file protein.txt (compact mmCIF, C-alpha atoms)
# COMPACT_ATOMS: atom_id res chain seq x y z
CA MET A 1 99.42 101.51 121.29
CA LYS A 2 95.78 102.52 121.11
CA ASN A 3 95.28 100.10 118.20
CA VAL A 4 96.80 97.23 120.16
CA LEU A 5 94.51 97.96 123.12
CA LYS A 6 91.52 98.17 120.84
CA ARG A 7 92.42 94.88 119.22
CA THR A 8 92.70 93.22 122.63
CA ASP A 9 89.22 94.49 123.40
CA VAL A 10 87.93 92.98 120.18
CA LEU A 11 89.55 89.63 120.92
CA GLU A 12 88.14 89.59 124.44
CA ALA A 13 84.66 90.54 123.23
CA ALA A 14 84.79 87.85 120.53
CA GLU A 15 85.92 85.24 123.05
CA ASP A 16 83.14 86.29 125.41
CA LEU A 17 80.63 86.00 122.57
CA ARG A 18 81.88 82.53 121.62
CA ARG A 19 81.86 81.32 125.23
CA ARG A 20 78.43 82.62 126.21
CA THR A 21 76.06 83.21 123.30
CA LEU A 22 77.53 81.18 120.45
CA ALA A 23 78.33 78.12 122.56
CA SER A 24 74.64 77.26 122.58
CA ILE A 25 74.30 77.76 118.80
CA THR A 26 76.14 74.77 117.44
CA ARG A 27 75.31 74.87 113.73
CA PRO A 28 77.22 77.38 111.55
CA LEU A 29 74.00 78.13 109.62
CA ASP A 30 72.19 79.12 112.82
CA ARG A 31 75.19 81.20 113.89
CA LEU A 32 75.29 82.94 110.51
CA ILE A 33 71.62 83.85 110.71
CA TYR A 34 71.84 84.92 114.35
CA LEU A 35 74.90 87.12 113.77
CA ALA A 36 73.39 88.65 110.63
CA SER A 37 70.35 89.55 112.71
CA THR A 38 72.55 91.63 115.05
CA ARG A 39 73.57 93.83 112.11
CA ASP A 40 71.77 97.05 111.24
CA TYR A 41 70.59 96.82 107.62
CA ASN A 42 71.11 100.53 107.06
CA THR A 43 74.55 101.05 108.51
CA GLY A 44 76.08 97.58 108.45
CA PHE A 45 77.12 97.97 112.11
CA TYR A 46 76.59 95.14 114.59
CA TYR A 47 74.95 95.64 118.00
CA HIS A 48 74.74 93.42 121.07
CA ASP A 49 73.40 94.89 124.29
CA GLY A 50 74.91 92.28 126.62
CA LEU A 51 78.40 92.71 125.19
CA ALA A 52 78.05 96.48 124.97
CA ALA A 53 77.62 96.54 128.74
CA ARG A 54 81.11 95.06 129.13
CA TYR A 55 83.10 96.27 126.11
CA PRO A 56 83.32 99.43 124.00
CA GLU A 57 80.74 99.60 121.22
CA GLU A 58 83.39 99.60 118.49
CA ALA A 59 85.02 96.46 119.87
CA VAL A 60 81.64 94.73 120.12
CA CYS A 61 80.86 95.60 116.51
CA GLU A 62 84.18 94.25 115.30
CA ALA A 63 83.93 91.11 117.44
CA LEU A 64 80.47 90.34 116.06
CA ALA A 65 81.75 90.95 112.51
CA ASP A 66 84.70 88.58 113.12
CA CYS A 67 82.40 85.83 114.41
CA HIS A 68 80.05 86.44 111.48
CA ARG A 69 82.93 85.96 109.01
CA GLU A 70 83.95 82.78 110.87
CA ALA A 71 80.46 81.29 110.58
CA PHE A 72 80.34 82.24 106.91
CA GLN A 73 83.70 80.57 106.20
CA GLU A 74 82.58 77.43 108.02
CA LEU A 75 79.47 77.30 105.89
CA VAL A 76 81.40 77.86 102.66
CA GLY A 77 83.71 75.01 103.64
CA ALA A 78 80.81 72.65 104.40
CA SER A 79 79.96 69.97 101.86
CA LEU A 80 76.56 69.99 100.21
CA GLU A 81 75.54 67.03 102.35
CA GLN A 82 76.46 68.93 105.53
CA LEU A 83 74.64 72.04 104.34
CA ILE A 84 71.48 70.03 103.64
CA GLY A 85 71.72 68.52 107.13
CA GLN A 86 72.07 71.97 108.69
CA MET A 87 69.18 73.38 106.68
CA ASN A 88 66.98 70.46 107.60
CA SER A 89 67.76 70.90 111.30
CA TYR A 90 67.22 74.65 111.05
CA MET A 91 63.89 74.06 109.29
CA ILE A 92 62.76 71.69 112.03
CA SER A 93 63.88 74.08 114.78
CA SER A 94 61.94 76.94 113.16
CA ARG A 95 58.69 74.99 113.74
CA THR A 96 57.39 76.05 110.35
CA ALA A 97 55.72 73.59 108.01
CA PRO A 98 58.52 72.30 105.71
CA SER A 99 56.58 73.17 102.55
CA ASP A 100 56.04 76.75 103.78
CA PHE A 101 59.66 77.07 104.86
CA ILE A 102 60.99 75.88 101.50
CA ALA A 103 58.55 78.04 99.51
CA THR A 104 59.50 81.14 101.54
CA TRP A 105 63.23 80.54 101.32
CA LYS A 106 62.99 79.92 97.58
CA LYS A 107 61.05 83.12 97.08
CA LEU A 108 62.78 85.52 99.48
CA GLU A 109 66.28 83.98 99.41
CA PRO A 110 66.97 85.29 102.96
CA TYR A 111 70.51 83.88 102.87
CA ARG A 112 71.49 86.67 100.48
CA VAL A 113 71.26 89.26 103.26
CA ALA A 114 72.86 86.99 105.83
CA VAL A 115 76.42 87.13 104.50
CA PRO A 116 79.14 89.43 105.88
CA LEU A 117 79.50 92.81 104.22
CA ASP A 118 82.99 92.26 102.83
CA THR A 119 82.23 88.91 101.20
CA ASP A 120 83.77 88.63 97.76
CA GLU A 121 81.33 88.05 94.93
CA LEU A 122 82.51 84.61 93.87
CA THR A 123 82.47 83.10 97.37
CA GLY A 124 79.05 84.65 98.00
CA GLU A 125 77.70 83.23 94.74
CA PHE A 126 79.15 79.83 95.62
CA LEU A 127 77.27 79.72 98.92
CA PHE A 128 74.02 81.06 97.38
CA SER A 129 74.25 78.38 94.72
CA ASN A 130 74.70 75.68 97.36
CA PHE A 131 71.68 77.03 99.27
CA LYS A 132 69.61 76.90 96.09
CA ILE A 133 70.58 73.28 95.44
CA ALA A 134 70.05 72.30 99.08
CA LEU A 135 66.54 73.77 98.94
CA ALA A 136 65.82 71.84 95.74
CA ILE A 137 66.92 68.62 97.43
CA LEU A 138 64.84 69.27 100.53
CA GLU A 139 61.86 70.01 98.29
CA ALA A 140 62.41 66.83 96.29
CA ARG A 141 62.59 64.85 99.53
CA LEU A 142 59.32 66.41 100.61
CA HIS A 143 57.58 65.23 97.45
CA THR A 144 59.12 61.79 97.40
CA PRO A 145 56.55 59.29 98.66
CA GLN A 146 57.77 57.67 101.84
CA PRO A 147 57.97 53.85 101.84
CA ALA A 148 54.67 52.37 102.96
CA VAL A 149 54.63 51.28 106.59
CA PRO A 150 51.88 48.84 107.56
CA ASP A 151 49.44 50.47 109.96
CA ALA A 152 49.62 47.87 112.68
CA TRP A 153 47.65 50.02 115.10
CA GLN A 154 44.62 50.32 112.79
CA PRO A 155 41.68 48.32 114.13
CA GLN A 156 40.42 45.62 111.81
CA LEU A 157 36.89 46.23 110.63
CA PRO A 158 34.43 43.44 111.32
CA GLY A 159 33.76 41.22 108.35
CA ARG A 160 37.25 41.70 106.83
CA MET B 1 84.93 103.53 40.35
CA MET B 2 84.29 100.57 42.66
CA GLU B 3 88.03 100.07 43.14
CA LEU B 4 88.49 103.71 44.07
CA PHE B 5 85.65 103.44 46.59
CA LEU B 6 87.20 100.35 48.22
CA PHE B 7 90.58 102.03 48.27
CA VAL B 8 89.15 105.08 50.07
CA ILE B 9 87.41 102.88 52.66
CA PHE B 10 90.61 100.94 53.22
CA ALA B 11 92.60 104.16 53.63
CA VAL B 12 90.09 105.58 56.13
CA VAL B 13 90.11 102.37 58.22
CA PHE B 14 93.91 102.29 58.10
CA LEU B 15 94.28 105.91 59.20
CA ALA B 16 91.67 105.49 61.93
CA SER B 17 93.54 102.46 63.31
CA ILE B 18 96.80 104.40 63.35
CA TYR B 19 95.11 107.29 65.13
CA LEU B 20 93.60 104.97 67.75
CA PHE B 21 96.99 103.40 68.29
CA VAL B 22 99.00 106.61 68.71
CA ARG B 23 96.40 109.02 70.15
CA PRO B 24 97.37 110.76 73.37
CA ARG B 25 95.82 109.18 76.46
CA ALA B 26 93.56 111.29 78.62
CA ARG B 27 95.30 110.17 81.80
CA VAL B 28 98.93 110.26 82.70
CA GLU B 29 100.42 106.83 82.33
CA GLY B 30 102.21 105.52 85.33
CA SER B 31 100.07 107.41 87.84
CA ALA B 32 99.90 106.28 91.45
CA LEU B 33 96.23 105.47 90.91
CA ASP B 34 97.14 102.90 88.24
CA VAL B 35 99.60 101.29 90.60
CA LEU B 36 97.01 101.11 93.36
CA ARG B 37 94.45 99.60 90.99
CA ALA B 38 96.96 97.02 89.83
CA ARG B 39 97.71 96.23 93.46
CA GLU B 40 94.00 95.72 94.06
CA ASP B 41 93.74 93.40 91.04
CA LEU B 42 96.67 91.44 92.34
CA SER B 43 95.16 91.21 95.81
CA VAL B 44 91.76 90.03 94.48
CA LEU B 45 93.51 87.41 92.38
CA GLN B 46 95.69 86.15 95.18
CA SER B 47 93.15 86.19 97.99
CA GLY B 48 89.79 85.78 96.23
CA LEU B 49 90.20 83.86 92.98
CA LEU B 50 93.27 81.68 93.27
CA PRO B 51 93.19 80.11 96.77
CA ALA B 52 93.04 76.34 96.37
CA GLU B 53 89.98 76.07 98.67
CA ILE B 54 87.65 77.98 96.38
CA VAL B 55 89.01 76.52 93.10
CA GLU B 56 88.81 72.99 94.46
CA ARG B 57 85.30 73.51 95.81
CA ILE B 58 84.01 74.71 92.43
CA PHE B 59 85.60 71.93 90.40
CA ALA B 60 85.51 69.07 92.94
CA LYS B 61 83.25 66.13 92.18
CA ALA B 62 82.46 65.12 95.77
CA ASP B 63 79.18 67.07 95.94
CA TYR B 64 78.11 65.73 92.55
CA GLU B 65 78.83 62.15 93.60
CA PHE B 66 76.70 62.68 96.71
CA LEU B 67 73.88 64.00 94.51
CA LEU B 68 74.11 61.08 92.08
CA ALA B 69 73.29 58.72 94.91
CA GLU B 70 70.84 60.99 96.68
CA SER B 71 68.64 63.04 94.40
CA THR B 72 66.40 63.19 91.36
CA LYS B 73 67.52 63.88 87.80
CA GLU B 74 66.10 67.42 87.93
CA VAL B 75 68.17 68.29 91.00
CA GLN B 76 71.29 66.82 89.38
CA GLU B 77 70.67 68.94 86.29
CA LEU B 78 70.18 72.03 88.47
CA PHE B 79 73.44 71.25 90.26
CA LEU B 80 75.39 70.88 87.01
CA ALA B 81 73.91 74.12 85.66
CA GLU B 82 74.82 75.97 88.86
CA ARG B 83 78.38 74.60 88.94
CA LYS B 84 78.80 75.48 85.25
CA ARG B 85 77.66 79.03 85.99
CA LEU B 86 80.11 79.29 88.90
CA ALA B 87 82.98 77.84 86.89
CA LEU B 88 82.33 80.33 84.06
CA LEU B 89 82.04 83.14 86.60
CA TRP B 90 85.38 82.17 88.12
CA ALA B 91 87.09 81.98 84.72
CA GLY B 92 85.48 85.30 83.70
CA TYR B 93 86.67 87.12 86.84
CA LEU B 94 90.12 85.64 86.41
CA LEU B 95 90.30 86.75 82.79
CA GLN B 96 89.15 90.26 83.67
CA ARG B 97 91.68 90.74 86.49
CA ILE B 98 94.52 89.26 84.45
CA ARG B 99 93.64 91.58 81.55
CA ASN B 100 93.69 94.56 83.94
CA LEU B 101 97.13 93.55 85.16
CA GLN B 102 98.33 93.09 81.60
CA GLN B 103 97.06 96.57 80.70
CA PHE B 104 98.89 97.98 83.71
CA HIS B 105 102.14 96.34 82.67
CA LEU B 106 101.73 97.41 79.05
CA GLY B 107 100.96 101.00 79.92
CA SER B 108 102.28 101.98 83.29
CA ALA B 109 104.69 99.55 84.82
CA ARG B 110 107.64 100.42 82.63
CA PHE B 111 107.42 104.05 83.77
CA TYR B 112 108.50 103.18 87.27
CA SER B 113 110.03 99.79 87.44
CA ARG B 114 112.65 100.10 84.71
CA LEU B 115 112.09 96.52 83.73
CA ARG B 116 114.81 94.51 82.14
CA LEU B 117 114.05 93.28 78.66
CA GLY B 118 114.22 89.65 79.79
CA THR B 119 111.61 90.22 82.52
CA GLU B 120 109.36 92.09 80.10
CA ILE B 121 109.50 89.27 77.55
CA ARG B 122 108.90 86.66 80.23
CA LEU B 123 105.91 88.56 81.62
CA ALA B 124 104.48 89.14 78.14
CA SER B 125 104.72 85.46 77.25
CA GLU B 126 103.20 84.45 80.62
CA PHE B 127 100.27 86.84 80.10
CA PHE B 128 99.77 85.62 76.54
CA SER B 129 99.71 81.93 77.43
CA LEU B 130 97.54 82.53 80.51
CA LEU B 131 94.92 84.53 78.62
CA TRP B 132 94.88 81.88 75.91
CA PHE B 133 94.46 79.10 78.49
CA CYS B 134 91.73 81.03 80.26
CA ARG B 135 89.71 81.48 77.08
CA ALA B 136 90.21 77.83 76.16
CA LEU B 137 88.99 76.82 79.63
CA GLN B 138 85.90 79.02 79.29
CA PHE B 139 85.16 77.40 75.94
CA VAL B 140 85.55 73.86 77.29
CA ILE B 141 83.37 74.60 80.35
CA TYR B 142 80.74 76.25 78.16
CA LEU B 143 80.60 73.26 75.83
CA ARG B 144 81.10 70.33 78.17
CA GLY B 145 80.26 71.52 81.68
CA PRO B 146 82.21 72.14 84.88
CA TYR B 147 83.79 68.71 85.19
CA ALA B 148 85.15 68.49 81.64
CA ALA B 149 88.62 69.81 82.40
CA PRO B 150 89.51 69.84 86.10
CA ARG B 151 93.23 69.52 85.30
CA MET B 152 93.03 72.44 82.93
CA ALA B 153 91.39 74.56 85.65
CA GLY B 154 94.23 73.60 87.99
CA ARG B 155 96.81 74.54 85.36
CA VAL B 156 95.12 77.89 84.72
CA ALA B 157 95.11 78.63 88.45
CA ALA B 158 98.78 77.64 88.73
CA ALA B 159 99.73 79.75 85.69
CA ALA B 160 97.78 82.70 87.12
CA ALA B 161 99.63 82.32 90.42
CA THR B 162 102.95 82.41 88.53
CA VAL B 163 101.92 85.56 86.66
CA CYS B 164 100.85 87.14 89.94
CA ALA B 165 104.21 86.30 91.51
CA THR B 166 106.11 87.85 88.59
CA SER B 167 103.80 90.83 88.56
CA GLU B 168 104.26 91.29 92.31
CA GLU B 169 108.02 91.12 91.85
CA VAL B 170 107.78 93.87 89.24
CA MET B 171 105.54 95.97 91.48
CA ASN B 172 107.64 95.53 94.60
CA PHE B 173 108.57 99.19 94.38
CA LEU B 174 105.09 100.01 95.64
CA LYS B 175 105.28 100.41 99.38
CA PRO B 176 102.90 102.49 101.51
CA ALA B 177 105.63 105.04 102.16
CA GLN B 178 106.27 105.39 98.45
CA ALA B 179 102.65 105.67 97.38
CA GLY B 180 102.64 109.34 98.38
CA GLY B 181 105.86 109.81 96.47
CA LEU B 182 104.33 108.28 93.37
CA ALA B 183 101.31 110.53 93.70
CA LYS B 184 103.62 113.54 93.99
CA GLU B 185 105.56 112.37 90.96
CA SER B 186 102.31 112.05 88.98
CA ALA B 187 101.24 115.49 90.11
CA ARG B 188 104.61 116.89 89.04
CA LYS B 189 104.21 115.27 85.61
CA LEU B 190 100.73 116.72 85.30
CA SER B 191 101.97 120.22 86.19
CA VAL B 192 104.80 119.94 83.65
CA MET B 193 102.35 118.96 80.92
call {"tool": "encode", "arguments": {"input": "protein.txt", "output": "structure tokens"}}
result
Amino acid sequence: MKNVLKRTDVLEAAEDLRRRTLASITRPLDRLIYLASTRDYNTGFYYHDGLAARYPEEAVCEALADCHREAFQELVGASLEQLIGQMNSYMISSRTAPSDFIATWKKLEPYRVAVPLDTDELTGEFLFSNFKIALAILEARLHTPQPAVPDAWQPQLPGR
Amino acid sequence: MMELFLFVIFAVVFLASIYLFVRPRARVEGSALDVLRAREDLSVLQSGLLPAEIVERIFAKADYEFLLAESTKEVQELFLAERKRLALLWAGYLLQRIRNLQQFHLGSARFYSRLRLGTEIRLASEFFSLLWFCRALQFVIYLRGPYAAPRMAGRVAAAAATVCATSEEVMNFLKPAQAGGLAKESARKLSVM
């Protein structure tokens, strides 16, 4: 009986989280990174002050873990094209220079610590591999010269 | 003199092989731990390695077709190298888990399940053909890349699912309530020995 009650708590906390916090984070990549950031690196437990005020700490932790797994599965199921789109939007929203963002992500591979704890190795490797390719594509796009657009606004110099 | 030397070497190798084959095992065969490990192998196979979503994603061409239209040659090469690595990783994990299950059935399963000869032969032939297919698939992927044999990958996954189903059928004696019983039985065997 206690388990059933606890599970109900978890479901309610997860629903609350989806309705309030996650509703404004539309992209699975952003959700994955946000939810990973609520996890303690040392213990693997998730914390959320707002939810903890309404639900037991254990239920909050499990609800956050459930939502984290959901975001991860969504991202694994996304095509490469969709993942590139999400990364591009995330990069723009971070307000970092694209070249800096790509260089940092290539070097630190932050996505490796953003996956749920119980991720199986193959699925994790699949997503990491897609991130690596997506970064390579974004980098290639950065170095591809954009088609020349005539500068119509530029004033004509006298004598030309 | 040379013939005698060769004969002695041959005799030593022969005796060593016989010893390795018949030597007493350190652990008790058929222990509850073996059954639990086999259960874990089965679970990893069924939920982590064989679901169609992950197999299809690794071997599907949709992402590659997108890249062909979208990106540079270097990125395409990186993509193919990454997919080849993943495909080999998948086949490697599959091979490892199937081998573990085979070892379990060779060593421990018969202790508890009292298999019928027909089931044993069927399982042995399924394991044999699956392991052979798996190695062949690894070889083809290694030589010709991830998209060389998508049908073969599908057949390997289907064959592995069949082996898992048979193996599960054989292991259906393992229920949570019985796990303690198996442990007790193993303990009793240990105390007798």
call {"tool": "atom_distance", "arguments": {"input": "protein.txt", "atom1": "CA of Tyr55 (chain A)", "atom2": "CA of Asn42 (chain A)"}}
result
22.9 Å
call {"tool": "axis_aligned_box", "arguments": {"input": "protein.txt", "around": "region 158-170 of chain B", "padding_each_side": "5 Å", "output": "JSON"}}
result
{"center_x": 102.9, "center_y": 85.8, "center_z": 89.0, "size_x": 20.2, "size_y": 26.2, "size_z": 16.6}
call {"tool": "closest_residue", "arguments": {"input": "protein.txt", "among": "B:Tyr93, B:Pro146, B:Leu45, B:Val12", "to": "Ala158 (chain B)", "atoms": "all atoms listed in the file"}}
result
B:Leu45
call {"tool": "interface_residues", "arguments": {"input": "protein.txt", "of": "chain B", "to": "chain A", "cutoff": "12 Å", "atoms": "all atoms listed in the file", "output": "PyMOL selection string"}}
result
chain B and resi 43-45+47-94
call {"tool": "residues_near_point", "arguments": {"input": "protein.txt", "point": "(78.7, 81.6, 108.0)", "cutoff": "9 Å", "atoms": "all atoms listed in the file", "output": "CSV table (one decimal) with C-alpha atoms, in the coordinates of the input"}}
result
chain,number,residue,atom,x,y,z
A,28,PRO,CA,77.2,77.4,111.6
A,29,LEU,CA,74.0,78.1,109.6
A,30,ASP,CA,72.2,79.1,112.8
A,31,ARG,CA,75.2,81.2,113.9
A,32,LEU,CA,75.3,82.9,110.5
A,33,ILE,CA,71.6,83.8,110.7
A,35,LEU,CA,74.9,87.1,113.8
A,67,CYS,CA,82.4,85.8,114.4
A,68,HIS,CA,80.0,86.4,111.5
A,69,ARG,CA,82.9,86.0,109.0
A,70,GLU,CA,84.0,82.8,110.9
A,71,ALA,CA,80.5,81.3,110.6
A,72,PHE,CA,80.3,82.2,106.9
A,73,GLN,CA,83.7,80.6,106.2
A,74,GLU,CA,82.6,77.4,108.0
A,75,LEU,CA,79.5,77.3,105.9
A,76,VAL,CA,81.4,77.9,102.7
A,114,ALA,CA,72.9,87.0,105.8
A,115,VAL,CA,76.4,87.1,104.5
A,116,PRO,CA,79.1,89.4,105.9
call {"tool": "decode", "arguments": {"input": "protein.txt", "residues": "region 4-102 of chain A", "atoms": "C-alpha atoms", "output": "short mmCIF file (atom, residue, chain, number, x, y, z; two decimals), in the first residue's frame"}}
result
data_model
loop_
_atom_site.label_atom_id
_atom_site.label_comp_id
_atom_site.auth_asym_id
_atom_site.auth_seq_id
_atom_site.Cartn_x
_atom_site.Cartn_y
_atom_site.Cartn_z
CA VAL A 4 1.23 2.50 -4.32
CA LEU A 5 0.95 5.78 -2.40
CA LYS A 6 4.57 6.58 -3.10
CA ARG A 7 4.08 5.88 -6.79
CA THR A 8 1.06 8.19 -6.88
CA ASP A 9 3.23 10.90 -5.35
CA VAL A 10 5.83 10.36 -8.05
CA LEU A 11 3.25 10.55 -10.81
CA GLU A 12 1.77 13.73 -9.36
CA ALA A 13 5.19 15.33 -8.95
CA ALA A 14 6.14 14.38 -12.52
CA GLU A 15 2.88 15.80 -13.86
CA ASP A 16 3.44 18.99 -11.88
CA LEU A 17 6.96 19.25 -13.29
CA ARG A 18 5.74 18.74 -16.86
CA ARG A 19 2.92 21.26 -16.45
CA ARG A 20 4.92 24.04 -14.82
CA THR A 21 8.66 23.90 -15.45
CA LEU A 22 9.01 21.66 -18.51
CA ALA A 23 6.12 23.21 -20.42
CA SER A 24 8.30 26.23 -21.14
CA ILE A 25 11.26 24.07 -22.25
CA THR A 26 10.07 22.74 -25.57
CA ARG A 27 13.19 21.10 -27.00
CA PRO A 28 14.16 17.65 -25.65
CA LEU A 29 17.85 18.68 -25.72
CA ASP A 30 17.17 21.66 -23.47
CA ARG A 31 15.06 19.47 -21.17
CA LEU A 32 17.83 16.86 -21.00
CA ILE A 33 20.41 19.46 -20.03
CA TYR A 34 18.10 21.18 -17.55
CA LEU A 35 17.12 17.92 -15.83
CA ALA A 36 20.73 16.72 -15.74
CA SER A 37 21.60 19.98 -14.00
CA THR A 38 19.16 19.15 -11.17
CA ARG A 39 21.16 15.99 -10.41
CA ASP A 40 23.92 15.88 -7.81
CA TYR A 41 27.11 14.65 -9.52
CA ASN A 42 28.26 12.87 -6.38
CA THR A 43 25.14 11.02 -5.35
CA GLY A 44 23.12 10.84 -8.56
CA PHE A 45 20.04 12.15 -6.69
CA TYR A 46 17.85 14.85 -8.23
CA TYR A 47 16.76 17.97 -6.34
CA HIS A 48 14.13 20.61 -7.07
CA ASP A 49 13.27 23.13 -4.38
CA GLY A 50 9.89 24.14 -5.80
CA LEU A 51 8.67 20.56 -6.07
CA ALA A 52 10.19 19.60 -2.72
CA ALA A 53 7.92 22.17 -1.09
CA ARG A 54 4.88 20.22 -2.33
CA TYR A 55 5.99 16.57 -2.51
CA PRO A 56 8.24 14.24 -0.52
CA GLU A 57 11.91 14.45 -1.49
CA GLU A 58 12.00 10.83 -2.66
CA ALA A 59 9.03 11.34 -4.97
CA VAL A 60 10.59 14.52 -6.38
CA CYS A 61 13.84 12.68 -7.08
CA GLU A 62 12.05 9.86 -8.86
CA ALA A 63 9.80 12.23 -10.83
CA LEU A 64 12.83 14.21 -12.04
CA ALA A 65 14.57 10.94 -12.98
CA ASP A 66 11.49 9.80 -14.93
CA CYS A 67 11.31 13.07 -16.86
CA HIS A 68 15.05 12.89 -17.49
CA ARG A 69 14.68 9.40 -18.99
CA GLU A 70 11.78 10.66 -21.13
CA ALA A 71 13.84 13.52 -22.55
CA PHE A 72 16.72 11.13 -23.21
CA GLN A 73 14.47 8.68 -25.08
CA GLU A 74 13.02 11.51 -27.16
CA LEU A 75 16.50 12.60 -28.12
CA VAL A 76 17.60 9.05 -28.98
CA GLY A 77 14.53 8.73 -31.20
CA ALA A 78 15.23 12.03 -32.98
CA SER A 79 16.72 11.91 -36.46
CA LEU A 80 20.12 13.45 -37.08
CA GLU A 81 18.45 16.35 -38.86
CA GLN A 82 16.23 17.03 -35.83
CA LEU A 83 19.19 16.77 -33.46
CA ILE A 84 21.17 19.29 -35.54
CA GLY A 85 18.17 21.64 -35.47
CA GLN A 86 17.91 21.33 -31.69
CA MET A 87 21.63 21.87 -31.19
CA ASN A 88 21.58 24.90 -33.43
CA SER A 89 18.67 26.42 -31.51
CA TYR A 90 20.33 25.60 -28.19
CA MET A 91 23.57 27.19 -29.41
CA ILE A 92 21.74 30.37 -30.41
CA SER A 93 19.83 30.49 -27.11
CA SER A 94 23.09 30.14 -25.15
CA ARG A 95 24.27 33.48 -26.64
CA THR A 96 27.77 32.11 -27.06
CA ALA A 97 29.73 32.66 -30.24
CA PRO A 98 29.05 29.55 -32.41
CA SER A 99 32.77 28.86 -32.91
CA ASP A 100 33.37 28.97 -29.13
CA PHE A 101 30.32 26.83 -28.45
CA ILE A 102 31.37 24.16 -30.95
#
